[in-house]
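Participant: Structure file my_file22.cif, mmCIF, N, CA and C atoms, is pasted below:
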```cif
data_my_file
#
loop_
_atom_site.label_atom_id
_atom_site.label_comp_id
_atom_site.auth_asym_id
_atom_site.auth_seq_id
_atom_site.Cartn_x
_atom_site.Cartn_y
_atom_site.Cartn_z
N MET A 2 0.86 -1.19 0.00
CA MET A 2 0.00 0.00 0.00
C MET A 2 0.89 1.24 0.00
N LYS A 3 0.64 2.13 -0.88
CA LYS A 3 1.40 3.38 -0.96
C LYS A 3 0.78 4.40 -0.02
N TYR A 4 1.62 5.32 0.47
CA TYR A 4 1.15 6.39 1.34
C TYR A 4 0.14 7.24 0.59
N GLN A 5 -1.07 7.34 1.18
CA GLN A 5 -2.12 8.13 0.55
C GLN A 5 -2.88 8.98 1.58
N GLY A 6 -2.34 9.06 2.78
CA GLY A 6 -3.06 9.76 3.84
C GLY A 6 -3.06 11.26 3.68
N ASP A 7 -3.95 11.89 4.41
CA ASP A 7 -4.02 13.34 4.45
C ASP A 7 -2.91 13.91 5.32
N ALA A 8 -2.42 13.10 6.27
CA ALA A 8 -1.39 13.56 7.19
C ALA A 8 -0.38 12.44 7.42
N LEU A 9 0.81 12.85 7.78
CA LEU A 9 1.89 11.93 8.09
C LEU A 9 2.32 12.19 9.52
N GLY A 10 2.39 11.14 10.32
CA GLY A 10 2.79 11.27 11.72
C GLY A 10 4.07 10.50 11.97
N LEU A 11 4.97 11.09 12.73
CA LEU A 11 6.26 10.47 13.03
C LEU A 11 6.53 10.53 14.53
N VAL A 12 7.02 9.42 15.06
CA VAL A 12 7.50 9.37 16.44
C VAL A 12 8.88 8.74 16.38
N GLU A 13 9.86 9.44 16.95
CA GLU A 13 11.23 8.94 16.96
C GLU A 13 11.62 8.58 18.38
N THR A 14 12.27 7.42 18.52
CA THR A 14 12.67 6.93 19.84
C THR A 14 14.13 6.51 19.81
N ARG A 15 14.68 6.34 21.00
CA ARG A 15 16.01 5.74 21.10
C ARG A 15 15.78 4.28 21.49
N GLY A 16 15.95 3.39 20.52
CA GLY A 16 15.76 1.96 20.76
C GLY A 16 14.49 1.42 20.13
N MET A 17 14.52 0.11 19.89
CA MET A 17 13.39 -0.55 19.23
C MET A 17 12.21 -0.77 20.17
N VAL A 18 12.46 -1.02 21.44
CA VAL A 18 11.35 -1.31 22.37
C VAL A 18 10.37 -0.14 22.46
N PRO A 19 10.82 1.09 22.71
CA PRO A 19 9.84 2.18 22.73
C PRO A 19 9.22 2.45 21.36
N ALA A 20 9.94 2.15 20.29
CA ALA A 20 9.36 2.32 18.94
C ALA A 20 8.21 1.35 18.72
N ILE A 21 8.39 0.10 19.14
CA ILE A 21 7.31 -0.89 18.99
C ILE A 21 6.14 -0.51 19.89
N ALA A 22 6.42 -0.06 21.09
CA ALA A 22 5.34 0.38 21.99
C ALA A 22 4.57 1.53 21.36
N ALA A 23 5.30 2.49 20.78
CA ALA A 23 4.64 3.63 20.13
C ALA A 23 3.78 3.18 18.96
N ALA A 24 4.33 2.30 18.11
CA ALA A 24 3.58 1.82 16.95
C ALA A 24 2.29 1.12 17.37
N ASP A 25 2.38 0.28 18.40
CA ASP A 25 1.21 -0.45 18.88
C ASP A 25 0.14 0.51 19.37
N VAL A 26 0.53 1.45 20.21
CA VAL A 26 -0.44 2.40 20.77
C VAL A 26 -0.99 3.31 19.69
N MET A 27 -0.16 3.75 18.75
CA MET A 27 -0.63 4.63 17.68
C MET A 27 -1.75 3.97 16.88
N CYS A 28 -1.55 2.69 16.55
CA CYS A 28 -2.55 1.98 15.74
C CYS A 28 -3.82 1.67 16.53
N LYS A 29 -3.71 1.57 17.84
CA LYS A 29 -4.88 1.31 18.68
C LYS A 29 -5.63 2.59 19.04
N ALA A 30 -4.92 3.71 19.08
CA ALA A 30 -5.51 4.96 19.56
C ALA A 30 -6.39 5.65 18.53
N ALA A 31 -6.12 5.40 17.25
CA ALA A 31 -6.85 6.13 16.20
C ALA A 31 -6.82 5.32 14.91
N ASP A 32 -7.66 5.71 13.98
CA ASP A 32 -7.75 5.02 12.69
C ASP A 32 -6.62 5.51 11.78
N VAL A 33 -5.41 4.96 12.02
CA VAL A 33 -4.24 5.30 11.21
C VAL A 33 -3.65 4.01 10.66
N GLU A 34 -2.81 4.18 9.65
CA GLU A 34 -2.13 3.02 9.06
C GLU A 34 -0.64 3.14 9.34
N LEU A 35 -0.07 2.08 9.88
CA LEU A 35 1.37 2.01 10.08
C LEU A 35 2.00 1.78 8.72
N ILE A 36 2.82 2.72 8.27
CA ILE A 36 3.39 2.58 6.93
C ILE A 36 4.87 2.29 6.91
N SER A 37 5.59 2.63 7.99
CA SER A 37 7.03 2.40 7.94
C SER A 37 7.66 2.58 9.31
N TYR A 38 8.84 2.02 9.45
CA TYR A 38 9.72 2.38 10.55
C TYR A 38 11.12 2.43 9.97
N GLU A 39 11.94 3.27 10.52
CA GLU A 39 13.30 3.45 10.01
C GLU A 39 14.29 3.39 11.16
N ASN A 40 15.32 2.57 11.00
CA ASN A 40 16.46 2.62 11.91
C ASN A 40 17.34 3.75 11.39
N VAL A 41 17.27 4.88 12.05
CA VAL A 41 17.94 6.08 11.57
C VAL A 41 19.45 6.01 11.79
N GLY A 42 19.88 5.37 12.84
CA GLY A 42 21.28 5.31 13.22
C GLY A 42 21.44 5.80 14.64
N SER A 43 22.55 5.44 15.27
CA SER A 43 22.82 5.81 16.66
C SER A 43 21.70 5.38 17.59
N GLY A 44 21.04 4.28 17.25
CA GLY A 44 19.97 3.75 18.08
C GLY A 44 18.62 4.40 17.90
N LEU A 45 18.51 5.37 16.99
CA LEU A 45 17.24 6.06 16.78
C LEU A 45 16.35 5.27 15.81
N VAL A 46 15.08 5.17 16.16
CA VAL A 46 14.09 4.49 15.32
C VAL A 46 12.90 5.44 15.15
N THR A 47 12.47 5.64 13.91
CA THR A 47 11.32 6.50 13.63
C THR A 47 10.18 5.65 13.10
N VAL A 48 8.99 5.82 13.68
CA VAL A 48 7.78 5.12 13.27
C VAL A 48 6.91 6.13 12.53
N LEU A 49 6.38 5.72 11.35
CA LEU A 49 5.54 6.61 10.53
C LEU A 49 4.15 6.02 10.38
N VAL A 50 3.14 6.86 10.55
CA VAL A 50 1.74 6.48 10.32
C VAL A 50 1.10 7.51 9.42
N CYS A 51 0.00 7.13 8.77
CA CYS A 51 -0.76 8.08 7.97
C CYS A 51 -2.24 7.92 8.22
N GLY A 52 -2.99 8.94 7.85
CA GLY A 52 -4.43 8.95 8.01
C GLY A 52 -4.91 10.38 7.96
N ASP A 53 -6.15 10.61 8.41
CA ASP A 53 -6.62 11.99 8.41
C ASP A 53 -5.94 12.76 9.53
N VAL A 54 -5.94 14.06 9.45
CA VAL A 54 -5.16 14.91 10.34
C VAL A 54 -5.51 14.67 11.81
N ALA A 55 -6.78 14.61 12.14
CA ALA A 55 -7.18 14.42 13.53
C ALA A 55 -6.73 13.07 14.07
N ALA A 56 -6.89 12.03 13.28
CA ALA A 56 -6.48 10.69 13.71
C ALA A 56 -4.97 10.61 13.90
N VAL A 57 -4.22 11.18 12.97
CA VAL A 57 -2.76 11.15 13.07
C VAL A 57 -2.30 11.94 14.29
N THR A 58 -2.91 13.08 14.55
CA THR A 58 -2.56 13.88 15.72
C THR A 58 -2.80 13.09 17.01
N THR A 59 -3.95 12.45 17.10
CA THR A 59 -4.28 11.63 18.26
C THR A 59 -3.28 10.49 18.41
N ALA A 60 -2.98 9.81 17.30
CA ALA A 60 -2.07 8.67 17.34
C ALA A 60 -0.66 9.09 17.76
N VAL A 61 -0.16 10.18 17.21
CA VAL A 61 1.19 10.63 17.54
C VAL A 61 1.30 11.01 19.02
N GLU A 62 0.32 11.72 19.54
CA GLU A 62 0.35 12.08 20.96
C GLU A 62 0.34 10.83 21.84
N ALA A 63 -0.51 9.87 21.52
CA ALA A 63 -0.58 8.64 22.31
C ALA A 63 0.70 7.81 22.16
N GLY A 64 1.22 7.72 20.95
CA GLY A 64 2.44 6.96 20.72
C GLY A 64 3.65 7.56 21.40
N ALA A 65 3.74 8.88 21.38
CA ALA A 65 4.85 9.57 22.04
C ALA A 65 4.81 9.33 23.55
N LYS A 66 3.62 9.37 24.12
CA LYS A 66 3.46 9.13 25.55
C LYS A 66 3.85 7.69 25.90
N ALA A 67 3.43 6.74 25.07
CA ALA A 67 3.76 5.33 25.32
C ALA A 67 5.26 5.08 25.21
N ALA A 68 5.89 5.69 24.21
CA ALA A 68 7.34 5.54 24.04
C ALA A 68 8.09 6.10 25.23
N ALA A 69 7.68 7.26 25.70
CA ALA A 69 8.34 7.89 26.84
C ALA A 69 8.15 7.10 28.13
N ALA A 70 7.05 6.35 28.21
CA ALA A 70 6.77 5.57 29.41
C ALA A 70 7.69 4.36 29.54
N CYS A 71 8.21 3.86 28.43
CA CYS A 71 9.05 2.65 28.51
C CYS A 71 10.46 2.86 27.98
N GLY A 72 10.79 4.07 27.58
CA GLY A 72 12.12 4.35 27.04
C GLY A 72 12.26 5.83 26.77
N GLU A 73 12.99 6.14 25.72
CA GLU A 73 13.24 7.55 25.39
C GLU A 73 12.56 7.93 24.08
N MET A 74 11.67 8.91 24.14
CA MET A 74 11.04 9.48 22.97
C MET A 74 11.84 10.73 22.62
N THR A 75 12.43 10.78 21.43
CA THR A 75 13.31 11.89 21.09
C THR A 75 12.65 12.97 20.25
N ALA A 76 11.63 12.63 19.47
CA ALA A 76 10.96 13.63 18.64
C ALA A 76 9.60 13.10 18.19
N LYS A 77 8.71 14.04 17.84
CA LYS A 77 7.41 13.68 17.28
C LYS A 77 7.01 14.80 16.34
N ASN A 78 6.20 14.45 15.33
CA ASN A 78 5.76 15.47 14.38
C ASN A 78 4.52 14.99 13.65
N VAL A 79 3.64 15.91 13.36
CA VAL A 79 2.48 15.66 12.50
C VAL A 79 2.59 16.62 11.33
N MET A 80 2.56 16.07 10.12
CA MET A 80 2.63 16.88 8.91
C MET A 80 1.27 16.80 8.20
N PRO A 81 0.41 17.81 8.37
CA PRO A 81 -0.86 17.81 7.65
C PRO A 81 -0.63 18.05 6.17
N ARG A 82 -1.16 17.21 5.35
CA ARG A 82 -1.08 17.33 3.89
C ARG A 82 0.33 17.71 3.41
N PRO A 83 1.32 16.82 3.65
CA PRO A 83 2.68 17.15 3.20
C PRO A 83 2.76 17.25 1.67
N ILE A 84 3.75 17.99 1.19
CA ILE A 84 3.90 18.18 -0.25
C ILE A 84 4.18 16.85 -0.93
N GLY A 85 3.90 16.75 -2.21
CA GLY A 85 4.00 15.52 -2.97
C GLY A 85 5.34 14.82 -2.93
N LYS A 86 6.42 15.57 -2.85
CA LYS A 86 7.74 14.95 -2.87
C LYS A 86 8.00 14.11 -1.62
N ILE A 87 7.33 14.43 -0.52
CA ILE A 87 7.46 13.64 0.70
C ILE A 87 6.91 12.23 0.46
N LYS A 88 5.84 12.14 -0.33
CA LYS A 88 5.22 10.84 -0.64
C LYS A 88 6.23 9.87 -1.24
N HIS A 89 7.12 10.34 -2.08
CA HIS A 89 8.11 9.47 -2.71
C HIS A 89 9.10 8.92 -1.69
N ILE A 90 9.45 9.71 -0.71
CA ILE A 90 10.35 9.25 0.35
C ILE A 90 9.66 8.16 1.16
N VAL A 91 8.43 8.42 1.56
CA VAL A 91 7.68 7.47 2.38
C VAL A 91 7.42 6.18 1.61
N ASP A 92 7.03 6.28 0.35
CA ASP A 92 6.75 5.08 -0.45
C ASP A 92 7.99 4.19 -0.57
N ALA A 93 9.16 4.79 -0.64
CA ALA A 93 10.40 4.02 -0.78
C ALA A 93 10.73 3.23 0.46
N HIS A 94 10.19 3.65 1.61
CA HIS A 94 10.54 3.02 2.89
C HIS A 94 9.35 2.35 3.56
N GLU A 95 8.25 2.15 2.86
CA GLU A 95 7.07 1.57 3.50
C GLU A 95 7.30 0.11 3.88
N LEU A 96 6.51 -0.40 4.80
CA LEU A 96 6.66 -1.77 5.30
C LEU A 96 6.51 -2.81 4.20
N ASP A 97 5.65 -2.56 3.22
CA ASP A 97 5.39 -3.53 2.16
C ASP A 97 6.26 -3.33 0.93
N ALA A 98 7.22 -2.42 0.98
CA ALA A 98 8.07 -2.17 -0.19
C ALA A 98 8.91 -3.40 -0.51
N GLU A 99 9.09 -3.65 -1.78
CA GLU A 99 9.90 -4.78 -2.18
C GLU A 99 11.36 -4.49 -1.88
N GLU A 100 12.06 -5.53 -1.42
CA GLU A 100 13.48 -5.35 -1.10
C GLU A 100 14.34 -5.80 -2.26
#
```
Here is the file; what I need is its structure written in the form of structure tokens.
Facilitator:
Amino acid sequence: MKYQGDALGLVETRGMVPAIAAADVMCKAADVELISYENVGSGLVTVLVCGDVAAVTTAVEAGAKAAAACGEMTAKNVMPRPIGKIKHIVDAHELDAEE
């Protein structure tokens, strides 16, 4: 599935455990789709979700709180209706992308 959401939400953590906790809570808290996670380097992991702006905002807030509860949450962001070029970056790193 290619990124087609109205908004893009990101939660960055230090370590995989808080990233998985964030992803789980994000998907349970609102009607969003988990589209990717990235091992950024230096132990940083970023989880990306998409959906409508309100759902992504709710998911990111809940995911950031969950990540901070079990580890280190380093950054969070909601991008309402990101420009088209962002879509190409996300599509290249989505969970279902062919390797």
Participant: As a check of understanding, name the residues that the PyMOL selection byres ((chain A and resi 49) around 6) selects in the supplied structure, as a ChimeraX atom specification.
Facilitator: /A:10-12,34-38,47-48,50-51
Participant: For the selection just defined, write its residues with N, CA and C atoms to a file, as an mmCIF file, in the coordinates of the input.
Facilitator:
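Ended up saving to result-v3.cif:
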```cif
data_model
loop_
_atom_site.group_PDB
_atom_site.id
_atom_site.type_symbol
_atom_site.label_atom_id
_atom_site.label_comp_id
_atom_site.auth_asym_id
_atom_site.auth_seq_id
_atom_site.Cartn_x
_atom_site.Cartn_y
_atom_site.Cartn_z
ATOM 1 N N GLY A 10 2.390 11.140 10.320
ATOM 2 C CA GLY A 10 2.790 11.270 11.720
ATOM 3 C C GLY A 10 4.070 10.500 11.970
ATOM 4 N N LEU A 11 4.970 11.090 12.730
ATOM 5 C CA LEU A 11 6.260 10.470 13.030
ATOM 6 C C LEU A 11 6.530 10.530 14.530
ATOM 7 N N VAL A 12 7.020 9.420 15.060
ATOM 8 C CA VAL A 12 7.500 9.370 16.440
ATOM 9 C C VAL A 12 8.880 8.740 16.380
ATOM 10 N N GLU A 34 -2.810 4.180 9.650
ATOM 11 C CA GLU A 34 -2.130 3.020 9.060
ATOM 12 C C GLU A 34 -0.640 3.140 9.340
ATOM 13 N N LEU A 35 -0.070 2.080 9.880
ATOM 14 C CA LEU A 35 1.370 2.010 10.080
ATOM 15 C C LEU A 35 2.000 1.780 8.720
ATOM 16 N N ILE A 36 2.820 2.720 8.270
ATOM 17 C CA ILE A 36 3.390 2.580 6.930
ATOM 18 C C ILE A 36 4.870 2.290 6.910
ATOM 19 N N SER A 37 5.590 2.630 7.990
ATOM 20 C CA SER A 37 7.030 2.400 7.940
ATOM 21 C C SER A 37 7.660 2.580 9.310
ATOM 22 N N TYR A 38 8.840 2.020 9.450
ATOM 23 C CA TYR A 38 9.720 2.380 10.550
ATOM 24 C C TYR A 38 11.120 2.430 9.970
ATOM 25 N N THR A 47 12.470 5.640 13.910
ATOM 26 C CA THR A 47 11.320 6.500 13.630
ATOM 27 C C THR A 47 10.180 5.650 13.100
ATOM 28 N N VAL A 48 8.990 5.820 13.680
ATOM 29 C CA VAL A 48 7.780 5.120 13.270
ATOM 30 C C VAL A 48 6.910 6.130 12.530
ATOM 31 N N VAL A 50 3.140 6.860 10.550
ATOM 32 C CA VAL A 50 1.740 6.480 10.320
ATOM 33 C C VAL A 50 1.100 7.510 9.420
ATOM 34 N N CYS A 51 0.000 7.130 8.770
ATOM 35 C CA CYS A 51 -0.760 8.080 7.970
ATOM 36 C C CYS A 51 -2.240 7.920 8.220
#
```
Participant: How would you write, as a ChimeraX atom specification, the set of residues in chain A that DSSP gives as alpha helix (DSSP H)?
Facilitator: /A:17-30,54-71,85-93
Participant: Write the residues of the selection above to a file with N, CA and C atoms, as a short mmCIF file (atom, residue, chain, number, x, y, z; two decimals), in the coordinates of the input.
Facilitator:
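As a result, part17.cif now contains:
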```cif
data_model
loop_
_atom_site.label_atom_id
_atom_site.label_comp_id
_atom_site.auth_asym_id
_atom_site.auth_seq_id
_atom_site.Cartn_x
_atom_site.Cartn_y
_atom_site.Cartn_z
N MET A 17 14.52 0.11 19.89
CA MET A 17 13.39 -0.55 19.23
C MET A 17 12.21 -0.77 20.17
N VAL A 18 12.46 -1.02 21.44
CA VAL A 18 11.35 -1.31 22.37
C VAL A 18 10.37 -0.14 22.46
N PRO A 19 10.82 1.09 22.71
CA PRO A 19 9.84 2.18 22.73
C PRO A 19 9.22 2.45 21.36
N ALA A 20 9.94 2.15 20.29
CA ALA A 20 9.36 2.32 18.94
C ALA A 20 8.21 1.35 18.72
N ILE A 21 8.39 0.10 19.14
CA ILE A 21 7.31 -0.89 18.99
C ILE A 21 6.14 -0.51 19.89
N ALA A 22 6.42 -0.06 21.09
CA ALA A 22 5.34 0.38 21.99
C ALA A 22 4.57 1.53 21.36
N ALA A 23 5.30 2.49 20.78
CA ALA A 23 4.64 3.63 20.13
C ALA A 23 3.78 3.18 18.96
N ALA A 24 4.33 2.30 18.11
CA ALA A 24 3.58 1.82 16.95
C ALA A 24 2.29 1.12 17.37
N ASP A 25 2.38 0.28 18.40
CA ASP A 25 1.21 -0.45 18.88
C ASP A 25 0.14 0.51 19.37
N VAL A 26 0.53 1.45 20.21
CA VAL A 26 -0.44 2.40 20.77
C VAL A 26 -0.99 3.31 19.69
N MET A 27 -0.16 3.75 18.75
CA MET A 27 -0.63 4.63 17.68
C MET A 27 -1.75 3.97 16.88
N CYS A 28 -1.55 2.69 16.55
CA CYS A 28 -2.55 1.98 15.74
C CYS A 28 -3.82 1.67 16.53
N LYS A 29 -3.71 1.57 17.84
CA LYS A 29 -4.88 1.31 18.68
C LYS A 29 -5.63 2.59 19.04
N ALA A 30 -4.92 3.71 19.08
CA ALA A 30 -5.51 4.96 19.56
C ALA A 30 -6.39 5.65 18.53
N VAL A 54 -5.94 14.06 9.45
CA VAL A 54 -5.16 14.91 10.34
C VAL A 54 -5.51 14.67 11.81
N ALA A 55 -6.78 14.61 12.14
CA ALA A 55 -7.18 14.42 13.53
C ALA A 55 -6.73 13.07 14.07
N ALA A 56 -6.89 12.03 13.28
CA ALA A 56 -6.48 10.69 13.71
C ALA A 56 -4.97 10.61 13.90
N VAL A 57 -4.22 11.18 12.97
CA VAL A 57 -2.76 11.15 13.07
C VAL A 57 -2.30 11.94 14.29
N THR A 58 -2.91 13.08 14.55
CA THR A 58 -2.56 13.88 15.72
C THR A 58 -2.80 13.09 17.01
N THR A 59 -3.95 12.45 17.10
CA THR A 59 -4.28 11.63 18.26
C THR A 59 -3.28 10.49 18.41
N ALA A 60 -2.98 9.81 17.30
CA ALA A 60 -2.07 8.67 17.34
C ALA A 60 -0.66 9.09 17.76
N VAL A 61 -0.16 10.18 17.21
CA VAL A 61 1.19 10.63 17.54
C VAL A 61 1.30 11.01 19.02
N GLU A 62 0.32 11.72 19.54
CA GLU A 62 0.35 12.08 20.96
C GLU A 62 0.34 10.83 21.84
N ALA A 63 -0.51 9.87 21.52
CA ALA A 63 -0.58 8.64 22.31
C ALA A 63 0.70 7.81 22.16
N GLY A 64 1.22 7.72 20.95
CA GLY A 64 2.44 6.96 20.72
C GLY A 64 3.65 7.56 21.40
N ALA A 65 3.74 8.88 21.38
CA ALA A 65 4.85 9.57 22.04
C ALA A 65 4.81 9.33 23.55
N LYS A 66 3.62 9.37 24.12
CA LYS A 66 3.46 9.13 25.55
C LYS A 66 3.85 7.69 25.90
N ALA A 67 3.43 6.74 25.07
CA ALA A 67 3.76 5.33 25.32
C ALA A 67 5.26 5.08 25.21
N ALA A 68 5.89 5.69 24.21
CA ALA A 68 7.34 5.54 24.04
C ALA A 68 8.09 6.10 25.23
N ALA A 69 7.68 7.26 25.70
CA ALA A 69 8.34 7.89 26.84
C ALA A 69 8.15 7.10 28.13
N ALA A 70 7.05 6.35 28.21
CA ALA A 70 6.77 5.57 29.41
C ALA A 70 7.69 4.36 29.54
N CYS A 71 8.21 3.86 28.43
CA CYS A 71 9.05 2.65 28.51
C CYS A 71 10.46 2.86 27.98
N GLY A 85 3.90 16.75 -2.21
CA GLY A 85 4.00 15.52 -2.97
C GLY A 85 5.34 14.82 -2.93
N LYS A 86 6.42 15.57 -2.85
CA LYS A 86 7.74 14.95 -2.87
C LYS A 86 8.00 14.11 -1.62
N ILE A 87 7.33 14.43 -0.52
CA ILE A 87 7.46 13.64 0.70
C ILE A 87 6.91 12.23 0.46
N LYS A 88 5.84 12.14 -0.33
CA LYS A 88 5.22 10.84 -0.64
C LYS A 88 6.23 9.87 -1.24
N HIS A 89 7.12 10.34 -2.08
CA HIS A 89 8.11 9.47 -2.71
C HIS A 89 9.10 8.92 -1.69
N ILE A 90 9.45 9.71 -0.71
CA ILE A 90 10.35 9.25 0.35
C ILE A 90 9.66 8.16 1.16
N VAL A 91 8.43 8.42 1.56
CA VAL A 91 7.68 7.47 2.38
C VAL A 91 7.42 6.18 1.61
N ASP A 92 7.03 6.28 0.35
CA ASP A 92 6.75 5.08 -0.45
C ASP A 92 7.99 4.19 -0.57
N ALA A 93 9.16 4.79 -0.64
CA ALA A 93 10.40 4.02 -0.78
C ALA A 93 10.73 3.23 0.46
#
```
Participant: Just say which residues the PyMOL selection byres (((chain A and resi 77 and name CA) around 8) and name CA) picks in this file, as an mmCIF file with N, CA and C atoms, in the frame of the given file.
Facilitator:
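Written file, expr-v6.cif:
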```cif
data_model
loop_
_atom_site.group_PDB
_atom_site.id
_atom_site.type_symbol
_atom_site.label_atom_id
_atom_site.label_comp_id
_atom_site.auth_asym_id
_atom_site.auth_seq_id
_atom_site.Cartn_x
_atom_site.Cartn_y
_atom_site.Cartn_z
ATOM 1 N N GLY A 10 2.390 11.140 10.320
ATOM 2 C CA GLY A 10 2.790 11.270 11.720
ATOM 3 C C GLY A 10 4.070 10.500 11.970
ATOM 4 N N LEU A 11 4.970 11.090 12.730
ATOM 5 C CA LEU A 11 6.260 10.470 13.030
ATOM 6 C C LEU A 11 6.530 10.530 14.530
ATOM 7 N N VAL A 12 7.020 9.420 15.060
ATOM 8 C CA VAL A 12 7.500 9.370 16.440
ATOM 9 C C VAL A 12 8.880 8.740 16.380
ATOM 10 N N GLU A 13 9.860 9.440 16.950
ATOM 11 C CA GLU A 13 11.230 8.940 16.960
ATOM 12 C C GLU A 13 11.620 8.580 18.380
ATOM 13 N N VAL A 61 -0.160 10.180 17.210
ATOM 14 C CA VAL A 61 1.190 10.630 17.540
ATOM 15 C C VAL A 61 1.300 11.010 19.020
ATOM 16 N N ALA A 65 3.740 8.880 21.380
ATOM 17 C CA ALA A 65 4.850 9.570 22.040
ATOM 18 C C ALA A 65 4.810 9.330 23.550
ATOM 19 N N MET A 74 11.670 8.910 24.140
ATOM 20 C CA MET A 74 11.040 9.480 22.970
ATOM 21 C C MET A 74 11.840 10.730 22.620
ATOM 22 N N THR A 75 12.430 10.780 21.430
ATOM 23 C CA THR A 75 13.310 11.890 21.090
ATOM 24 C C THR A 75 12.650 12.970 20.250
ATOM 25 N N ALA A 76 11.630 12.630 19.470
ATOM 26 C CA ALA A 76 10.960 13.630 18.640
ATOM 27 C C ALA A 76 9.600 13.100 18.190
ATOM 28 N N ASN A 78 6.200 14.450 15.330
ATOM 29 C CA ASN A 78 5.760 15.470 14.380
ATOM 30 C C ASN A 78 4.520 14.990 13.650
ATOM 31 N N VAL A 79 3.640 15.910 13.360
ATOM 32 C CA VAL A 79 2.480 15.660 12.500
ATOM 33 C C VAL A 79 2.590 16.620 11.330
#
```
Participant: Once you count only C-alpha atoms, which residues end up no further than 12 Å from (15.9, 5.0, 7.2) in the file's frame, shown as a PDB file with N, CA and C atoms, in the frame of the given file?
Facilitator:
```pdb
ATOM      1  N   GLU A  13       9.860   9.440  16.950  1.00  0.00           N
ATOM      2  CA  GLU A  13      11.230   8.940  16.960  1.00  0.00           C
ATOM      3  C   GLU A  13      11.620   8.580  18.380  1.00  0.00           C
ATOM      4  N   SER A  37       5.590   2.630   7.990  1.00  0.00           N
ATOM      5  CA  SER A  37       7.030   2.400   7.940  1.00  0.00           C
ATOM      6  C   SER A  37       7.660   2.580   9.310  1.00  0.00           C
ATOM      7  N   TYR A  38       8.840   2.020   9.450  1.00  0.00           N
ATOM      8  CA  TYR A  38       9.720   2.380  10.550  1.00  0.00           C
ATOM      9  C   TYR A  38      11.120   2.430   9.970  1.00  0.00           C
ATOM     10  N   GLU A  39      11.940   3.270  10.520  1.00  0.00           N
ATOM     11  CA  GLU A  39      13.300   3.450  10.010  1.00  0.00           C
ATOM     12  C   GLU A  39      14.290   3.390  11.160  1.00  0.00           C
ATOM     13  N   ASN A  40      15.320   2.570  11.000  1.00  0.00           N
ATOM     14  CA  ASN A  40      16.460   2.620  11.910  1.00  0.00           C
ATOM     15  C   ASN A  40      17.340   3.750  11.390  1.00  0.00           C
ATOM     16  N   VAL A  41      17.270   4.880  12.050  1.00  0.00           N
ATOM     17  CA  VAL A  41      17.940   6.080  11.570  1.00  0.00           C
ATOM     18  C   VAL A  41      19.450   6.010  11.790  1.00  0.00           C
ATOM     19  N   GLY A  42      19.880   5.370  12.840  1.00  0.00           N
ATOM     20  CA  GLY A  42      21.280   5.310  13.220  1.00  0.00           C
ATOM     21  C   GLY A  42      21.440   5.800  14.640  1.00  0.00           C
ATOM     22  N   SER A  43      22.550   5.440  15.270  1.00  0.00           N
ATOM     23  CA  SER A  43      22.820   5.810  16.660  1.00  0.00           C
ATOM     24  C   SER A  43      21.700   5.380  17.590  1.00  0.00           C
ATOM     25  N   GLY A  44      21.040   4.280  17.250  1.00  0.00           N
ATOM     26  CA  GLY A  44      19.970   3.750  18.080  1.00  0.00           C
ATOM     27  C   GLY A  44      18.620   4.400  17.900  1.00  0.00           C
ATOM     28  N   LEU A  45      18.510   5.370  16.990  1.00  0.00           N
ATOM     29  CA  LEU A  45      17.240   6.060  16.780  1.00  0.00           C
ATOM     30  C   LEU A  45      16.350   5.270  15.810  1.00  0.00           C
ATOM     31  N   VAL A  46      15.080   5.170  16.160  1.00  0.00           N
ATOM     32  CA  VAL A  46      14.090   4.490  15.320  1.00  0.00           C
ATOM     33  C   VAL A  46      12.900   5.440  15.150  1.00  0.00           C
ATOM     34  N   THR A  47      12.470   5.640  13.910  1.00  0.00           N
ATOM     35  CA  THR A  47      11.320   6.500  13.630  1.00  0.00           C
ATOM     36  C   THR A  47      10.180   5.650  13.100  1.00  0.00           C
ATOM     37  N   VAL A  48       8.990   5.820  13.680  1.00  0.00           N
ATOM     38  CA  VAL A  48       7.780   5.120  13.270  1.00  0.00           C
ATOM     39  C   VAL A  48       6.910   6.130  12.530  1.00  0.00           C
ATOM     40  N   LEU A  49       6.380   5.720  11.350  1.00  0.00           N
ATOM     41  CA  LEU A  49       5.540   6.610  10.530  1.00  0.00           C
ATOM     42  C   LEU A  49       4.150   6.020  10.380  1.00  0.00           C
ATOM     43  N   ILE A  90       9.450   9.710  -0.710  1.00  0.00           N
ATOM     44  CA  ILE A  90      10.350   9.250   0.350  1.00  0.00           C
ATOM     45  C   ILE A  90       9.660   8.160   1.160  1.00  0.00           C
ATOM     46  N   VAL A  91       8.430   8.420   1.560  1.00  0.00           N
ATOM     47  CA  VAL A  91       7.680   7.470   2.380  1.00  0.00           C
ATOM     48  C   VAL A  91       7.420   6.180   1.610  1.00  0.00           C
ATOM     49  N   ASP A  92       7.030   6.280   0.350  1.00  0.00           N
ATOM     50  CA  ASP A  92       6.750   5.080  -0.450  1.00  0.00           C
ATOM     51  C   ASP A  92       7.990   4.190  -0.570  1.00  0.00           C
ATOM     52  N   ALA A  93       9.160   4.790  -0.640  1.00  0.00           N
ATOM     53  CA  ALA A  93      10.400   4.020  -0.780  1.00  0.00           C
ATOM     54  C   ALA A  93      10.730   3.230   0.460  1.00  0.00           C
ATOM     55  N   HIS A  94      10.190   3.650   1.610  1.00  0.00           N
ATOM     56  CA  HIS A  94      10.540   3.020   2.890  1.00  0.00           C
ATOM     57  C   HIS A  94       9.350   2.350   3.560  1.00  0.00           C
ATOM     58  N   GLU A  95       8.250   2.150   2.860  1.00  0.00           N
ATOM     59  CA  GLU A  95       7.070   1.570   3.500  1.00  0.00           C
ATOM     60  C   GLU A  95       7.300   0.110   3.880  1.00  0.00           C
ATOM     61  N   LEU A  96       6.510  -0.400   4.800  1.00  0.00           N
ATOM     62  CA  LEU A  96       6.660  -1.770   5.300  1.00  0.00           C
ATOM     63  C   LEU A  96       6.510  -2.810   4.200  1.00  0.00           C
TER      64      LEU A  96
END
```
Participant: Just checking: using only C-alpha atoms, which residue out of A:Cys71, A:Val33, A:Met17, A:Ile87 ends up closest to Ala56 of chain A?
Facilitator: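 Comparing A:Cys71, A:Val33, A:Met17, A:Ile87 against Ala56 of chain A, the winner is A:Val33.
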